[in-house]
Structures are given as structure tokens and as C-alpha cells.
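For reference, coords.txt is printed below; it contains compact mmCIF, C-alpha atoms and all ligand atoms.
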```
# COMPACT_ATOMS: atom_id res chain seq x y z
CA MET V 1 -6.04 -3.95 21.87
CA SER V 2 -7.30 -7.48 21.15
CA SER V 3 -9.42 -8.24 18.09
CA GLN V 4 -12.41 -8.44 20.50
CA ALA V 5 -13.96 -5.03 19.72
CA PRO V 6 -15.81 -3.16 22.51
CA VAL V 7 -18.30 -1.86 19.91
CA ASP V 8 -20.23 -3.43 17.05
CA VAL V 9 -17.72 -2.95 14.21
CA GLU V 10 -20.38 -2.85 11.47
CA VAL V 11 -22.33 -0.12 13.30
CA LEU V 12 -19.10 1.79 13.95
CA ARG V 13 -18.09 1.63 10.27
CA SER V 14 -21.49 2.84 9.18
CA GLU V 15 -21.33 5.80 11.62
CA ILE V 16 -17.80 6.65 10.46
CA GLU V 17 -18.92 6.50 6.85
CA LYS V 18 -21.83 8.85 7.64
CA THR V 19 -19.51 11.36 9.31
CA TYR V 20 -16.94 11.38 6.49
CA THR V 21 -19.55 11.36 3.75
CA GLU V 22 -20.70 14.64 5.29
CA VAL V 23 -17.12 15.96 5.36
CA SER V 24 -16.96 15.25 1.61
CA THR V 25 -20.45 16.39 0.60
CA SER V 26 -20.78 19.44 2.93
CA PRO V 27 -17.20 20.49 3.63
CA GLN V 28 -18.24 23.99 4.77
CA SER V 29 -20.29 22.58 7.69
CA ASP V 30 -19.06 22.87 11.27
CA PHE V 31 -17.44 19.68 12.51
CA ILE V 32 -16.06 18.89 15.96
CA PHE V 33 -12.63 18.57 14.30
CA PRO V 34 -10.82 21.10 12.08
CA THR V 35 -10.89 20.68 8.31
CA GLY V 36 -9.82 22.37 5.09
CA ARG V 37 -6.91 24.24 3.52
CA ALA V 38 -6.42 26.76 6.35
CA TRP V 39 -6.01 23.81 8.75
CA ALA V 40 -3.45 22.08 6.50
CA GLN V 41 -1.53 25.36 6.23
CA THR V 42 -1.65 25.85 10.01
CA LEU V 43 -0.18 22.38 10.42
CA GLY V 44 2.68 23.39 8.11
CA TYR V 45 1.86 21.02 5.26
CA PRO V 46 4.63 20.99 2.62
CA GLU V 47 4.71 23.60 -0.11
CA PRO V 48 4.75 23.86 -3.05
CA GLU V 49 2.98 20.45 -3.06
CA LEU V 50 -0.06 21.49 -0.95
CA GLY V 51 -0.68 24.55 -3.14
CA LYS V 52 -0.96 22.32 -6.22
CA VAL V 53 -3.69 20.10 -4.71
CA PRO V 54 -7.13 21.41 -5.78
CA ASP V 55 -9.77 22.58 -3.29
CA THR V 56 -11.85 19.60 -4.40
CA SER V 57 -9.57 17.59 -2.12
CA VAL V 58 -8.20 20.07 0.39
CA GLU V 59 -11.57 21.50 1.48
CA SER V 60 -12.35 18.00 2.82
CA PHE V 61 -8.93 17.51 4.46
CA ALA V 62 -9.53 16.12 7.97
CA GLY V 63 -6.07 15.16 9.19
CA VAL V 64 -5.06 15.54 12.83
CA ALA V 65 -1.39 16.57 12.58
CA ASN V 66 1.52 16.89 10.13
CA HIS V 67 3.33 13.59 9.54
CA TRP V 68 5.33 15.23 6.70
CA ARG V 69 7.58 16.60 9.46
CA LEU V 70 8.91 13.02 9.68
CA GLY V 71 10.20 13.10 6.11
CA ARG V 72 9.54 13.41 2.40
CA ILE V 73 9.21 10.53 -0.03
CA ASP V 74 11.82 9.95 -2.71
CA PRO V 75 11.15 10.06 -6.48
CA GLY V 76 10.37 6.61 -7.87
CA GLN V 77 9.08 5.18 -4.58
CA THR V 78 5.67 3.66 -3.88
CA VAL V 79 3.58 5.40 -1.22
CA LEU V 80 0.38 3.99 0.28
CA ASP V 81 -2.07 6.31 2.07
CA LEU V 82 -4.29 4.41 4.53
CA GLY V 83 -7.67 6.18 4.78
CA CYS V 84 -6.71 8.71 2.12
CA GLY V 85 -10.04 10.53 2.39
CA ALA V 86 -10.37 13.22 -0.29
CA GLY V 87 -6.71 12.77 -1.20
CA THR V 88 -4.71 15.70 0.20
CA ASP V 89 -1.82 13.57 1.54
CA LEU V 90 -2.05 11.11 -1.33
CA LEU V 91 -1.69 13.84 -3.95
CA ILE V 92 1.17 15.48 -2.06
CA GLY V 93 2.84 12.05 -1.99
CA ALA V 94 2.13 11.55 -5.71
CA GLN V 95 4.00 14.78 -6.51
CA MET V 96 6.96 13.68 -4.36
CA VAL V 97 7.31 10.21 -5.93
CA GLY V 98 6.90 11.68 -9.45
CA PRO V 99 5.95 9.91 -12.69
CA GLU V 100 8.31 6.96 -12.00
CA GLY V 101 6.68 6.36 -8.61
CA ARG V 102 3.29 5.11 -7.53
CA ALA V 103 0.78 6.68 -5.08
CA VAL V 104 -1.91 4.30 -3.81
CA GLY V 105 -4.87 5.52 -1.77
CA LEU V 106 -7.39 3.39 0.08
CA ASP V 107 -10.58 4.48 1.85
CA MET V 108 -13.99 3.04 2.66
CA THR V 109 -15.98 6.24 1.99
CA VAL V 110 -16.88 6.45 -1.69
CA SER V 111 -17.63 10.18 -1.80
CA MET V 112 -14.18 10.88 -0.36
CA LEU V 113 -12.58 8.71 -3.06
CA ASP V 114 -14.60 10.56 -5.74
CA ARG V 115 -12.97 13.83 -4.67
CA ALA V 116 -9.49 12.27 -4.70
CA ARG V 117 -10.10 10.88 -8.20
CA LYS V 118 -11.36 14.22 -9.58
CA SER V 119 -8.33 16.04 -8.17
CA ALA V 120 -5.84 13.49 -9.53
CA GLU V 121 -7.43 13.91 -12.97
CA ALA V 122 -7.38 17.71 -12.71
CA MET V 123 -3.68 17.57 -11.77
CA GLY V 124 -2.96 15.26 -14.71
CA LEU V 125 -1.37 12.68 -12.40
CA GLU V 126 -1.08 9.22 -13.92
CA ASN V 127 0.73 7.62 -10.97
CA VAL V 128 -2.31 7.59 -8.65
CA GLU V 129 -4.34 4.46 -7.86
CA LEU V 130 -7.47 4.49 -5.70
CA HIS V 131 -9.09 1.56 -3.92
CA GLU V 132 -12.36 1.36 -2.03
CA GLY V 133 -11.76 -0.92 0.95
CA LEU V 134 -10.76 -1.40 4.56
CA ILE V 135 -7.33 -0.73 5.97
CA GLU V 136 -7.64 -3.96 7.95
CA THR V 137 -7.37 -5.96 4.67
CA LEU V 138 -5.13 -4.29 2.10
CA PRO V 139 -5.51 -5.20 -1.60
CA LEU V 140 -1.74 -5.04 -2.16
CA ALA V 141 1.04 -7.57 -2.63
CA ASP V 142 3.53 -8.43 0.12
CA HIS V 143 6.59 -6.12 0.29
CA SER V 144 5.25 -3.81 -2.45
CA VAL V 145 5.31 -0.43 -0.65
CA ASP V 146 8.22 1.86 0.35
CA VAL V 147 6.35 4.27 2.62
CA VAL V 148 2.96 3.90 4.32
CA ILE V 149 1.36 7.19 5.36
CA SER V 150 -1.87 7.79 7.26
CA ASN V 151 -3.51 10.75 8.94
CA GLY V 152 -6.29 10.47 11.52
CA VAL V 153 -7.49 7.02 10.55
CA ILE V 154 -6.00 4.20 12.65
CA ASP V 155 -7.58 5.71 15.79
CA LEU V 156 -10.97 4.96 14.22
CA VAL V 157 -10.29 1.21 13.93
CA PRO V 158 -10.83 -1.10 16.93
CA ASN V 159 -8.68 -3.93 15.56
CA LYS V 160 -5.36 -2.10 15.38
CA ASP V 161 -3.42 -5.39 15.35
CA ALA V 162 -4.99 -6.24 11.98
CA VAL V 163 -3.95 -2.83 10.59
CA PHE V 164 -0.35 -3.09 11.79
CA ASP V 165 -0.08 -6.72 10.58
CA GLU V 166 -1.16 -5.54 7.12
CA ILE V 167 1.28 -2.62 7.18
CA ASP V 168 4.04 -5.05 8.14
CA ARG V 169 3.05 -7.37 5.28
CA VAL V 170 2.96 -4.76 2.48
CA LEU V 171 6.06 -2.75 3.50
CA ARG V 172 9.34 -3.62 1.80
CA PRO V 173 12.22 -4.52 4.12
CA GLY V 174 13.60 -1.14 5.19
CA GLY V 175 10.31 0.56 4.33
CA ARG V 176 8.83 3.28 6.52
CA LEU V 177 5.57 3.97 8.35
CA GLN V 178 4.83 7.69 8.74
CA ILE V 179 1.57 8.54 10.52
CA ALA V 180 -0.26 11.29 12.35
CA ASP V 181 -2.91 10.04 14.72
CA VAL V 182 -4.70 10.48 18.03
CA VAL V 183 -3.11 8.87 21.07
CA ILE V 184 -4.64 8.87 24.54
CA HIS V 185 -2.14 8.65 27.38
CA THR V 186 -4.59 7.70 30.12
CA GLU V 187 -6.58 4.49 30.59
CA VAL V 188 -9.93 4.68 28.75
CA SER V 189 -12.89 3.49 30.84
CA GLU V 190 -14.98 0.54 29.74
CA ASP V 191 -18.02 2.83 29.31
CA ALA V 192 -16.07 5.22 27.08
CA ARG V 193 -14.78 2.33 24.94
CA LYS V 194 -18.37 1.27 24.27
CA ASN V 195 -19.47 4.80 23.25
CA ILE V 196 -19.59 4.88 19.44
CA ASP V 197 -19.75 8.71 19.39
CA LEU V 198 -16.32 8.85 21.01
CA TRP V 199 -14.88 6.55 18.32
CA THR V 200 -16.21 8.44 15.30
CA GLY V 201 -15.03 12.00 16.17
C1 LIG Y 1 -10.31 11.79 9.79
S1 LIG Y 1 -10.60 11.27 8.12
C2 LIG Y 1 -8.97 11.51 7.48
C3 LIG Y 1 -8.93 11.48 5.98
C4 LIG Y 1 -7.57 11.85 5.38
N1 LIG Y 1 -6.52 10.99 5.87
C5 LIG Y 1 -7.24 13.29 5.66
O1 LIG Y 1 -6.25 13.52 6.38
O2 LIG Y 1 -7.96 14.16 5.19
C6 LIG Y 1 -10.72 9.52 8.32
C7 LIG Y 1 -10.86 8.73 7.01
O3 LIG Y 1 -10.64 7.35 7.31
C8 LIG Y 1 -11.55 6.55 6.58
N2 LIG Y 1 -11.68 5.28 7.33
C9 LIG Y 1 -12.04 5.13 8.62
N3 LIG Y 1 -11.97 3.84 8.98
C10 LIG Y 1 -11.54 3.15 7.87
C11 LIG Y 1 -11.26 1.78 7.59
N4 LIG Y 1 -11.41 0.85 8.52
N5 LIG Y 1 -10.84 1.44 6.36
C12 LIG Y 1 -10.72 2.40 5.38
N6 LIG Y 1 -10.95 3.71 5.58
C13 LIG Y 1 -11.36 4.09 6.81
C14 LIG Y 1 -12.81 7.40 6.54
O4 LIG Y 1 -13.64 7.03 5.48
C15 LIG Y 1 -12.22 8.81 6.37
O5 LIG Y 1 -12.09 9.17 5.02
```

Structure rendered as C-alpha cells:
Amino acid sequence: MSSQAPVDVEVLRSEIEKTYTEVSTSPQSDFIFPTGRAWAQTLGYPEPELGKVPDTSVESFAGVANHWRLGRIDPGQTVLDLGCGAGTDLLIGAQMVGPEGRAVGLDMTVSMLDRARKSAEAMGLENVELHEGLIETLPLADHSVDVVISNGVIDLVPNKDAVFDEIDRVLRPGGRLQIADVVIHTEVSEDARKNIDLWTG
């Protein structure tokens, strides 16, 4: 898709933020997408790592599939979670990379980041870094990341070229992108592209 967005990007971001603020402040509410620990377990999220992530994070898990089926992350590596939300994937990654590694999470919804921070503290993890920001402009140096992970986030961003350019910039040569996301196999009508409600779900 070109950088010419079919929707007002500022309005879209504010709607997305509203939706995911609710996922973090009222995780027991009914959403049009599945959430929480039972969902992560149904997807087959890796144990024992998932079991060690506190409910503070996992009750607001809103991933769409299990990218961990594509591989684990080695001790000592740097993992970056794009749109880390409340931190379920980030904190699983932080356990895999261990104390010599680095787990960096980025999200634009502050209340999600608050949950991730509380959980990292409760787990005593010192290798976790959190950034408030947009995945279209990453606050990281070139070639500084071994594995980029992301779950259910890139589908929410109209300018996907900007996201993939940034991933390409921060990944080390030989680094890996491991994502779970929503893909539509049929042409999306012009009217549907302009419907903000269809972007935010
Ligand atoms: C479906 S949730 C997934 C959260 C997390 N990956 C998980 O699996 O629980 C989408 C997340 O992406 C974040 N997000 C959406 N668009 C973003 C953007 N352009 N930059 C940064 N974060 C974004 C939202 O704030 C929200 O936390």
C-alpha cells in the first residue's frame, strides 16, 4: 500500500488507542477479538515462559496467532516487540534471551505499557526496555536487533512500507522477522478501506 492513507491517520491512531486503552483498563470486557490467558494457551503459546508472565500482562493479551511456532530466540540476543501491548510476547522473549540479552518493547498506548512495566518489575527482569512511540519510526540504532516480533499490530497501520523499512533498518544482517498478523486474501473495496471501524478491530 502506498503512503497515501485511505483514512485520516491521526483519527485512526486515536481510535486504536481508545480500543486498546480499554483492553488494558477493562480486560474482562467483551471485545470483538479474543483476549487473555485462555486465548494464549489455546494458541499454544510456549511454556514454561507463558506461565511465568503475570496476569497483569496476560489478561490484556490481544494477539491474533502464535508466531512462536516459527522459532525461539537464543540467549544473549536482542528481541524487539513491535506493538508490545501489555507485554506478553515481550516478557516471553525476555526469558528466552536471558540476562545477557535485551528485550525491547514499543507501543503507543500508555496504559498497555504500564502493565508491561509492572510485570517486568514483578518478574525481576532487568533486560527489558519499554518505549512509548510509533512502529513507523523506531527509536533504535541501525542493525541493533536480532529478532523482530509482532502480534496483531502491523494490520492496524496504513503505511506498511514505513514499518517494513524500519524493520529492515534495525535488523542485523541475518536477523529475523517473526510475526503473527491478519492478512486478507481478497481485494478490499474502496468503501471498506475508508471505514475506520474495520481498521481498529
Ligand atoms: C491487537 S493489540 C496487540 C498487542 C500485543 N502485541 C499482544 O499480542 O497482546 C495492538 C497493539 O498495537 C498498538 N499499536 C497499534 N498501532 C500502533 C502504532 N502505529 N505504533 C505503535 N503501537 C501501535 C496498540 O496500542 C496495541 O497495544

Taking all atoms of ligand LIG 1 (chain Y) that appear in the file, build a box with edges along x, y and z, extend it by 3 Å on every side, and state its centre and edge lengths in Å to one decimal, as AutoDock Vina command-line options.
```
--center_x -9.9 --center_y 7.5 --center_z 7.4 --size_x 13.4 --size_y 19.3 --size_z 10.8
```

Discussion item. Can you work out which residues are within 8 Å of ligand LIG 1 (chain Y), considering all atoms listed in the file, and then hand them over as a PyMOL selection string?
Written reply: chain V and resi 13+16-17+20-21+35+58+60-64+81-89+106-110+112+132-136+150-154+156-157+201

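Atom CA of Val79 of chain V lies 14.3 Å from atom CA of Arg169 of chain V.
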
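Counting from atom CA of Arg102 of chain V, the distance to atom CA of Val148 of chain V is 11.9 Å.
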
Worksheet entry | Within 10 Å of Gly93 of chain V using only C-alpha atoms, minus same-chain residues under 6 positions, as a list of chain:residue names |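 Answer for this query is V:Glu49, V:Leu50, V:Trp68, V:Arg72, V:Ile73, V:Asp74, V:Pro75, V:Gln77, V:Thr78, V:Val79, V:Leu80, V:Asp81, V:Gly87, V:Gly101, V:Arg102, V:Ala103, V:Val104, V:Val128, V:Val147, V:Ile149.
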